[in-house]
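Next comes target_12.tsv, with TSV, C-alpha atoms and all ligand atoms.
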```tsv
chain	number	residue	atom	x	y	z
A	11	MET	CA	-28.08	-8.03	2.74
A	12	SER	CA	-28.80	-9.10	-0.83
A	13	GLU	CA	-26.78	-11.71	-2.67
A	14	ILE	CA	-24.80	-10.77	-5.75
A	15	ASN	CA	-23.82	-13.33	-8.37
A	16	LEU	CA	-20.64	-12.84	-10.30
A	17	GLN	CA	-17.92	-14.85	-11.96
A	18	ILE	CA	-14.24	-14.72	-11.07
A	19	ASP	CA	-11.77	-16.60	-13.25
A	20	GLY	CA	-14.60	-18.80	-14.48
A	21	LYS	CA	-15.84	-19.61	-10.95
A	22	LYS	CA	-19.38	-18.76	-9.96
A	23	VAL	CA	-19.19	-16.63	-6.83
A	24	ILE	CA	-22.00	-15.50	-4.56
A	25	ALA	CA	-21.06	-12.30	-2.77
A	26	SER	CA	-22.93	-9.91	-0.52
A	27	GLU	CA	-23.80	-6.36	-1.33
A	28	GLY	CA	-21.06	-4.01	-0.15
A	29	MET	CA	-18.23	-6.47	-0.78
A	30	THR	CA	-15.42	-5.46	-3.10
A	31	ILE	CA	-14.16	-7.65	-5.94
A	32	LEU	CA	-11.16	-8.40	-3.71
A	33	ASP	CA	-13.41	-9.54	-0.85
A	34	ALA	CA	-15.39	-11.75	-3.22
A	35	ALA	CA	-12.24	-13.23	-4.75
A	36	ARG	CA	-10.82	-14.03	-1.31
A	37	SER	CA	-14.06	-15.64	-0.24
A	38	ALA	CA	-13.82	-17.88	-3.32
A	39	GLY	CA	-10.16	-18.73	-2.73
A	40	VAL	CA	-8.93	-16.67	-5.68
A	41	SER	CA	-5.75	-14.79	-4.98
A	42	ILE	CA	-5.25	-11.19	-6.12
A	43	PRO	CA	-2.00	-9.41	-5.21
A	44	THR	CA	-2.25	-6.31	-3.00
A	45	LEU	CA	0.20	-3.88	-1.46
A	46	CYS	CA	-1.90	-1.08	-0.03
A	47	ASP	CA	-4.89	-3.08	1.20
A	48	HIS	CA	-5.51	-3.73	4.91
A	49	GLU	CA	-8.56	-5.44	6.36
A	50	LYS	CA	-9.05	-2.76	9.01
A	51	LEU	CA	-8.58	0.25	6.75
A	52	HIS	CA	-10.72	1.90	4.14
A	53	PRO	CA	-9.67	0.99	0.60
A	54	TYR	CA	-7.32	3.56	-0.80
A	55	GLY	CA	-6.40	2.37	-4.29
A	56	ALA	CA	-2.79	3.53	-4.20
A	57	CYS	CA	-0.71	0.65	-5.50
A	58	ARG	CA	-2.97	-0.67	-8.29
A	59	VAL	CA	-1.34	-4.11	-8.24
A	60	CYS	CA	-4.81	-5.49	-7.53
A	61	THR	CA	-5.94	-4.40	-11.01
A	62	VAL	CA	-8.26	-6.92	-12.68
A	63	GLU	CA	-10.15	-7.02	-15.96
A	64	ALA	CA	-13.94	-7.07	-15.70
A	65	ASP	CA	-16.88	-7.17	-18.08
A	66	ALA	CA	-19.95	-5.23	-17.07
A	67	HIS	CA	-22.55	-3.18	-18.91
A	68	GLU	CA	-21.20	-4.51	-22.24
A	69	ARG	CA	-17.80	-3.01	-21.57
A	70	THR	CA	-14.47	-4.39	-20.48
A	71	SER	CA	-12.69	-2.29	-17.89
A	72	LEU	CA	-9.61	-2.41	-15.73
A	73	LEU	CA	-10.61	-2.05	-12.09
A	74	ALA	CA	-8.86	-1.85	-8.75
A	75	ALA	CA	-10.25	-4.97	-7.06
A	76	CYS	CA	-9.76	-3.56	-3.56
A	77	GLN	CA	-12.01	-0.59	-4.28
A	78	HIS	CA	-14.58	-1.71	-6.82
A	79	PRO	CA	-17.81	-3.10	-5.36
A	80	VAL	CA	-19.24	-6.36	-6.67
A	81	GLU	CA	-22.05	-6.07	-9.19
A	82	GLU	CA	-24.62	-8.57	-10.37
A	83	GLY	CA	-23.38	-10.40	-13.46
A	84	LEU	CA	-19.84	-9.03	-13.30
A	85	VAL	CA	-17.31	-11.25	-15.05
A	86	VAL	CA	-13.83	-10.81	-13.57
A	87	ARG	CA	-10.50	-12.08	-14.84
A	88	THR	CA	-7.61	-11.76	-12.43
A	89	ARG	CA	-4.80	-12.88	-14.78
A	90	THR	CA	-4.85	-11.75	-18.40
A	91	GLU	CA	-2.00	-10.60	-20.59
A	92	GLN	CA	-2.96	-6.97	-20.00
A	93	VAL	CA	-3.43	-7.35	-16.24
A	94	ASP	CA	-0.06	-9.10	-15.87
A	95	LYS	CA	1.62	-6.40	-17.97
A	96	ILE	CA	0.18	-3.62	-15.80
A	97	ARG	CA	1.29	-5.35	-12.59
A	98	LYS	CA	4.75	-5.94	-14.07
A	99	VAL	CA	5.28	-2.25	-14.91
A	100	LEU	CA	3.91	-1.09	-11.57
A	101	LEU	CA	6.27	-3.44	-9.75
A	102	GLU	CA	9.19	-2.27	-11.85
A	103	GLN	CA	8.42	1.32	-10.86
A	104	MET	CA	8.22	0.31	-7.20
A	105	LEU	CA	11.50	-1.59	-7.43
A	106	ALA	CA	13.16	1.65	-8.51
A	107	HIS	CA	12.21	3.02	-5.08
A	108	ALA	CA	12.48	-0.08	-2.95
A	109	PRO	CA	14.78	-2.62	-4.64
A	110	ASP	CA	15.21	-4.65	-1.46
A	111	SER	CA	11.59	-4.93	-0.41
A	112	GLU	CA	10.85	-8.62	0.15
A	113	GLN	CA	7.15	-8.23	-0.58
A	114	ILE	CA	7.70	-6.39	-3.85
A	115	ASN	CA	10.45	-8.77	-4.94
A	116	GLU	CA	8.19	-11.76	-4.34
A	117	LEU	CA	5.55	-10.26	-6.61
A	118	ALA	CA	8.20	-9.18	-9.11
A	119	LYS	CA	9.21	-12.83	-9.55
A	120	ILE	CA	5.62	-13.85	-10.30
A	121	TYR	CA	5.11	-11.10	-12.90
A	122	GLY	CA	8.62	-11.15	-14.38
A	123	ALA	CA	9.34	-7.56	-13.34
A	124	ASP	CA	12.82	-6.27	-14.12
A	125	ARG	CA	14.52	-4.72	-11.07
A	126	ASP	CA	16.66	-2.48	-13.25
A	127	ARG	CA	14.15	-1.23	-15.78
A	128	PHE	CA	13.80	2.19	-14.16
A	129	GLU	CA	16.48	4.39	-12.72
A	130	LYS	CA	16.78	4.05	-8.94
A	131	GLU	CA	15.09	6.73	-6.85
A	132	SER	CA	16.46	7.86	-3.53
A	133	ASN	CA	13.07	7.73	-1.79
A	134	PHE	CA	12.27	4.18	-0.65
A	135	CYS	CA	8.59	4.90	-0.09
A	136	ILE	CA	6.05	3.51	-2.58
A	137	LEU	CA	3.30	5.79	-1.20
A	138	CYS	CA	0.95	2.94	-0.33
A	139	GLY	CA	-0.35	5.08	2.54
A	140	LEU	CA	-0.72	2.15	4.95
A	141	CYS	CA	1.15	3.96	7.73
A	142	VAL	CA	-0.68	7.25	7.23
A	143	ARG	CA	-4.09	5.60	7.19
A	144	TYR	CA	-3.35	3.24	10.09
A	145	CYS	CA	-2.19	6.11	12.27
A	146	ALA	CA	-5.22	8.22	11.36
A	147	GLU	CA	-7.99	5.60	11.13
A	148	ILE	CA	-7.00	3.08	13.80
A	149	LYS	CA	-4.79	5.00	16.23
A	150	GLN	CA	-6.37	8.40	15.52
A	151	LYS	CA	-3.04	10.08	16.21
A	152	HIS	CA	-2.20	11.61	12.81
A	153	ALA	CA	1.48	11.38	13.60
A	154	ILE	CA	2.42	10.72	9.98
A	155	GLY	CA	1.16	12.24	6.77
A	156	PHE	CA	1.70	12.86	3.08
A	157	PHE	CA	3.56	15.99	2.08
A	158	ASP	CA	4.06	17.69	-1.27
A	159	ARG	CA	2.60	16.64	-4.60
A	160	GLY	CA	3.47	14.77	-7.76
A	161	ALA	CA	6.99	13.39	-7.96
A	162	LYS	CA	7.87	15.17	-4.70
A	163	ARG	CA	5.11	13.51	-2.69
A	164	GLU	CA	6.44	11.71	0.36
A	165	ILE	CA	5.48	10.53	3.82
A	166	ALA	CA	6.90	12.12	6.92
A	167	PHE	CA	6.32	12.03	10.65
A	168	ILE	CA	5.08	15.19	12.31
A	169	PRO	CA	7.80	15.59	14.95
A	170	GLU	CA	5.65	17.24	17.64
A	171	ILE	CA	3.13	14.38	17.52
A	172	ALA	CA	5.52	11.55	16.66
A	173	LEU	CA	7.87	12.18	19.56
A	174	ARG	CA	4.94	12.10	21.94
A	175	GLU	CA	2.93	9.22	20.48
A	176	CYS	CA	5.15	6.91	18.46
A	177	TRP	CA	7.93	5.71	20.73
A	178	ASP	CA	5.74	3.13	22.50
A	179	CYS	CA	3.46	2.40	19.52
A	180	LYS	CA	5.27	1.79	16.21
A	181	GLU	CA	2.36	-0.43	15.12
A	182	CYS	CA	2.69	0.95	11.61
A	183	PHE	CA	6.24	-0.35	11.17
A	184	PRO	CA	5.33	-3.94	10.22
A	185	LEU	CA	2.75	-2.67	7.72
A	186	CYS	CA	5.33	-0.98	5.54
A	187	PRO	CA	6.23	-2.98	2.42
A	188	THR	CA	9.60	-1.18	2.30
A	189	SER	CA	12.10	0.06	4.83
A	190	ALA	CA	11.12	3.69	4.22
A	191	LEU	CA	8.90	4.06	7.26
A	192	GLN	CA	11.46	3.08	9.88
A	193	ALA	CA	14.03	5.26	8.17
A	194	ALA	CA	11.64	8.22	8.28
A	195	TYR	CA	11.02	7.69	11.99
A	196	VAL	CA	14.70	7.35	12.84
A	197	LEU	CA	15.35	10.55	10.91
A	198	THR	CA	12.54	12.37	12.74
A	199	GLU	CA	13.93	11.28	16.10
A	200	ALA	CA	17.45	12.25	15.13
A	201	LEU	CA	16.44	15.69	13.88
A	202	ALA	CA	14.26	16.39	16.90
A	203	ALA	CA	16.69	15.17	19.53
A	204	PRO	CA	18.23	18.06	21.43
A	205	PRO	CA	21.99	18.24	21.06
A	206	THR	CA	23.65	16.28	23.86
A	207	ALA	CA	24.67	18.70	26.58
A	208	PRO	CA	28.30	18.38	27.62
A	209	LYS	CA	28.54	16.57	30.95
A	210	SER	CA	29.30	18.96	33.74
A	211	CYS	CA	32.41	18.27	35.66
A	212	GLY	CA	31.83	18.59	39.38
A	213	GLY	CA	35.46	19.15	40.18
A	214	CYS	CA	36.20	21.72	37.49
A	215	LYS	CA	36.14	25.39	38.18
A	216	GLY	CA	35.84	28.13	35.66
B	301	LIG	FE1	-5.80	-2.25	-4.52
B	301	LIG	FE2	-3.44	-1.33	-3.70
B	301	LIG	S1	-4.40	-3.16	-3.15
B	301	LIG	S2	-4.82	-0.45	-5.12
```

Any chance you could give the structure as structure tokens?
Ligand code: FES
Amino acid sequence: MSEINLQIDGKKVIASEGMTILDAARSAGVSIPTLCDHEKLHPYGACRVCTVEADAHERTSLLAACQHPVEEGLVVRTRTEQVDKIRKVLLEQMLAHAPDSEQINELAKIYGADRDRFEKESNFCILCGLCVRYCAEIKQKHAIGFFDRGAKREIAFIPEIALRECWDCKECFPLCPTSALQAAYVLTEALAAPPTAPKSCGGCKG
């Protein structure tokens, strides 16, 4: 595998072909925030909090570090005014959905995100897709998926599969940066549970 030389925050970094900017940054001890990245899953590029600024081919671009592969001579900056501003707005939008998420609040402190900038949304999901991808790629069960489009897009369990596969798995629960996933599962179980049959009374007649 060929070596690729790049620069991250002024540090010379030697990466291998096939690595992403995020991989290279981690290998050099440079921290980049992430919310939808998982070492075992294919990069998905949903949250964009890993956005960095990079110079390549005489252009400066904003790139998702978790998706963009390293390139020879790439010059990456992980904290610039523009990068911080993008992360701040993204976090503010996420806080409208998940105001109590510990992970998002921790990042919000770093980037000065305002919890109340956007009107609160009733859906707690930030659509990071970690649960959907974990269930499909690792467990190969496809018990949870995305439904609808645009502002109506949401995750939901597929009751027929979830009730069969999830009760003794639930490995996706700790991946969720918000409480949306557990809530969705509880709702699925509740909706699918057959109404409790009245207990028969042995001694009663008629
Ligand atoms: Fe890169 Fe979410 S971690 S887009």

### Task
Name the residues in contact with Ile148 of chain A at a cut-off of 9 Å, using all atoms listed in the file, excluding same-chain residues fewer than 5 positions from it; report them as a ChimeraX atom specification.
/A:50-51,143

Using all atoms listed in the file, what table do you get, as JSON lines, when you list each residue of chain A with an atom no more than 12 Å from ligand LIG 301 (chain B), its nearest pair of atoms, and their distance in Å rounded to one decimal, rows by chain then rising number?
```
{"residue": "A:Thr30", "atom": "CA", "partner": "B:LIG301", "partner_atom": "FE1", "distance": 10.2}
{"residue": "A:Ile31", "atom": "CA", "partner": "B:LIG301", "partner_atom": "FE1", "distance": 10.1}
{"residue": "A:Leu32", "atom": "CA", "partner": "B:LIG301", "partner_atom": "FE1", "distance": 8.2}
{"residue": "A:Asp33", "atom": "CA", "partner": "B:LIG301", "partner_atom": "FE1", "distance": 11.2}
{"residue": "A:Ser41", "atom": "CA", "partner": "B:LIG301", "partner_atom": "S1", "distance": 11.9}
{"residue": "A:Ile42", "atom": "CA", "partner": "B:LIG301", "partner_atom": "S1", "distance": 8.6}
{"residue": "A:Pro43", "atom": "CA", "partner": "B:LIG301", "partner_atom": "S1", "distance": 7.0}
{"residue": "A:Thr44", "atom": "CA", "partner": "B:LIG301", "partner_atom": "S1", "distance": 3.8}
{"residue": "A:Leu45", "atom": "CA", "partner": "B:LIG301", "partner_atom": "S1", "distance": 5.0}
{"residue": "A:Cys46", "atom": "CA", "partner": "B:LIG301", "partner_atom": "FE2", "distance": 4.0}
{"residue": "A:Asp47", "atom": "CA", "partner": "B:LIG301", "partner_atom": "S1", "distance": 4.4}
{"residue": "A:His48", "atom": "CA", "partner": "B:LIG301", "partner_atom": "S1", "distance": 8.2}
{"residue": "A:Glu49", "atom": "CA", "partner": "B:LIG301", "partner_atom": "S1", "distance": 10.6}
{"residue": "A:Leu51", "atom": "CA", "partner": "B:LIG301", "partner_atom": "S1", "distance": 11.3}
{"residue": "A:His52", "atom": "CA", "partner": "B:LIG301", "partner_atom": "FE1", "distance": 10.8}
{"residue": "A:Pro53", "atom": "CA", "partner": "B:LIG301", "partner_atom": "FE1", "distance": 7.2}
{"residue": "A:Tyr54", "atom": "CA", "partner": "B:LIG301", "partner_atom": "S2", "distance": 6.4}
{"residue": "A:Gly55", "atom": "CA", "partner": "B:LIG301", "partner_atom": "S2", "distance": 3.3}
{"residue": "A:Ala56", "atom": "CA", "partner": "B:LIG301", "partner_atom": "S2", "distance": 4.6}
{"residue": "A:Cys57", "atom": "CA", "partner": "B:LIG301", "partner_atom": "FE2", "distance": 3.8}
{"residue": "A:Arg58", "atom": "CA", "partner": "B:LIG301", "partner_atom": "S2", "distance": 3.7}
{"residue": "A:Val59", "atom": "CA", "partner": "B:LIG301", "partner_atom": "FE2", "distance": 5.7}
{"residue": "A:Cys60", "atom": "CA", "partner": "B:LIG301", "partner_atom": "FE1", "distance": 4.5}
{"residue": "A:Thr61", "atom": "CA", "partner": "B:LIG301", "partner_atom": "FE1", "distance": 6.8}
{"residue": "A:Val62", "atom": "CA", "partner": "B:LIG301", "partner_atom": "FE1", "distance": 9.7}
{"residue": "A:Leu72", "atom": "CA", "partner": "B:LIG301", "partner_atom": "S2", "distance": 11.8}
{"residue": "A:Leu73", "atom": "CA", "partner": "B:LIG301", "partner_atom": "FE1", "distance": 9.0}
{"residue": "A:Ala74", "atom": "CA", "partner": "B:LIG301", "partner_atom": "FE1", "distance": 5.2}
{"residue": "A:Ala75", "atom": "CA", "partner": "B:LIG301", "partner_atom": "FE1", "distance": 5.8}
{"residue": "A:Cys76", "atom": "CA", "partner": "B:LIG301", "partner_atom": "FE1", "distance": 4.3}
{"residue": "A:Gln77", "atom": "CA", "partner": "B:LIG301", "partner_atom": "FE1", "distance": 6.4}
{"residue": "A:His78", "atom": "CA", "partner": "B:LIG301", "partner_atom": "FE1", "distance": 9.1}
{"residue": "A:Arg97", "atom": "CA", "partner": "B:LIG301", "partner_atom": "S2", "distance": 10.8}
{"residue": "A:Leu100", "atom": "CA", "partner": "B:LIG301", "partner_atom": "FE2", "distance": 10.8}
{"residue": "A:Leu101", "atom": "CA", "partner": "B:LIG301", "partner_atom": "FE2", "distance": 11.6}
{"residue": "A:Ile136", "atom": "CA", "partner": "B:LIG301", "partner_atom": "FE2", "distance": 10.7}
{"residue": "A:Leu137", "atom": "CA", "partner": "B:LIG301", "partner_atom": "FE2", "distance": 10.1}
{"residue": "A:Cys138", "atom": "CA", "partner": "B:LIG301", "partner_atom": "FE2", "distance": 7.0}
{"residue": "A:Gly139", "atom": "CA", "partner": "B:LIG301", "partner_atom": "FE2", "distance": 9.5}
{"residue": "A:Leu140", "atom": "CA", "partner": "B:LIG301", "partner_atom": "FE2", "distance": 9.7}
{"residue": "A:Pro187", "atom": "CA", "partner": "B:LIG301", "partner_atom": "FE2", "distance": 11.6}
```

#### Entry: Residue nearest Cys182 of chain A among A:Asp126, A:Phe156, A:Leu105, A:Val142 (counting all atoms listed in the file)
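Between A:Asp126, A:Phe156, A:Leu105, A:Val142, the residue approaching Cys182 of chain A most closely is A:Val142.
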
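The spacing separating atom CA of Ala108 of chain A from atom CA of Arg87 of chain A amounts to 28.5 Å.
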
### Query
atom CA of Phe183 of chain A and atom CA of Tyr144 of chain A, how far apart in Å?
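Those two atoms sit 10.3 Å apart.
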
#### Entry: Distance in Å - atom CA of Pro169 of chain A versus atom CA of His107 of chain A
24.1 Å

### Pick from A:Val80, A:Ile165, A:Ile171, A:Ile14 nearest to Met29 of chain A, counting all atoms listed in the file
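Distance minimum relative to Met29 of chain A lands on A:Val80.
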
### Task
Counting all atoms listed in the file, write as JSON, numbers by chain all protein and nucleic acid residues lying at most 12 Å from (7.3, -7.8, -21.5) in the file's frame.
{"A": [91, 92, 93, 94, 95, 96, 97, 98, 99, 102, 121, 122, 123, 124, 127]}

### Query
What's the 10 Å shell around Ala38 of chain A, counting only C-alpha atoms, without same-chain residues fewer than 6 positions away, as number ranges by chain?
A: 18, 21-25, 32

### From A:Asn15, A:Gln150, A:Thr90, A:Ser189, residue lying nearest Pro109 of chain A [only C-alpha atoms]
A:Ser189

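Using only C-alpha atoms, the smallest distance between any of A:Glu131, A:Glu81, A:Glu199, A:Glu27 and Ala106 of chain A comes from A:Glu131.
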
### Task
Can you work out which one of A:Ala34, A:Phe128, A:Asp65, A:Leu84 has the shortest atom-to-atom distance to Gln17 of chain A, counting all atoms listed in the file?
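Residue with the minimum atom-to-atom distance to Gln17 of chain A: A:Leu84.
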
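Of the listed residues A:Ala35, A:Val196, A:Ala190, A:Ile154, the one whose atoms come nearest to Ser111 of chain A is A:Ala190, with distances taken using all atoms listed in the file.
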
Per-axis box centre and lengths in Å around segment 152-160 of chain A, 5 Å margin per side, axis-aligned, as AutoDock Vina command-line options:
```
--center_x 0.9 --center_y 14.2 --center_z 2.9 --size_x 16.3 --size_y 17.0 --size_z 31.4
```
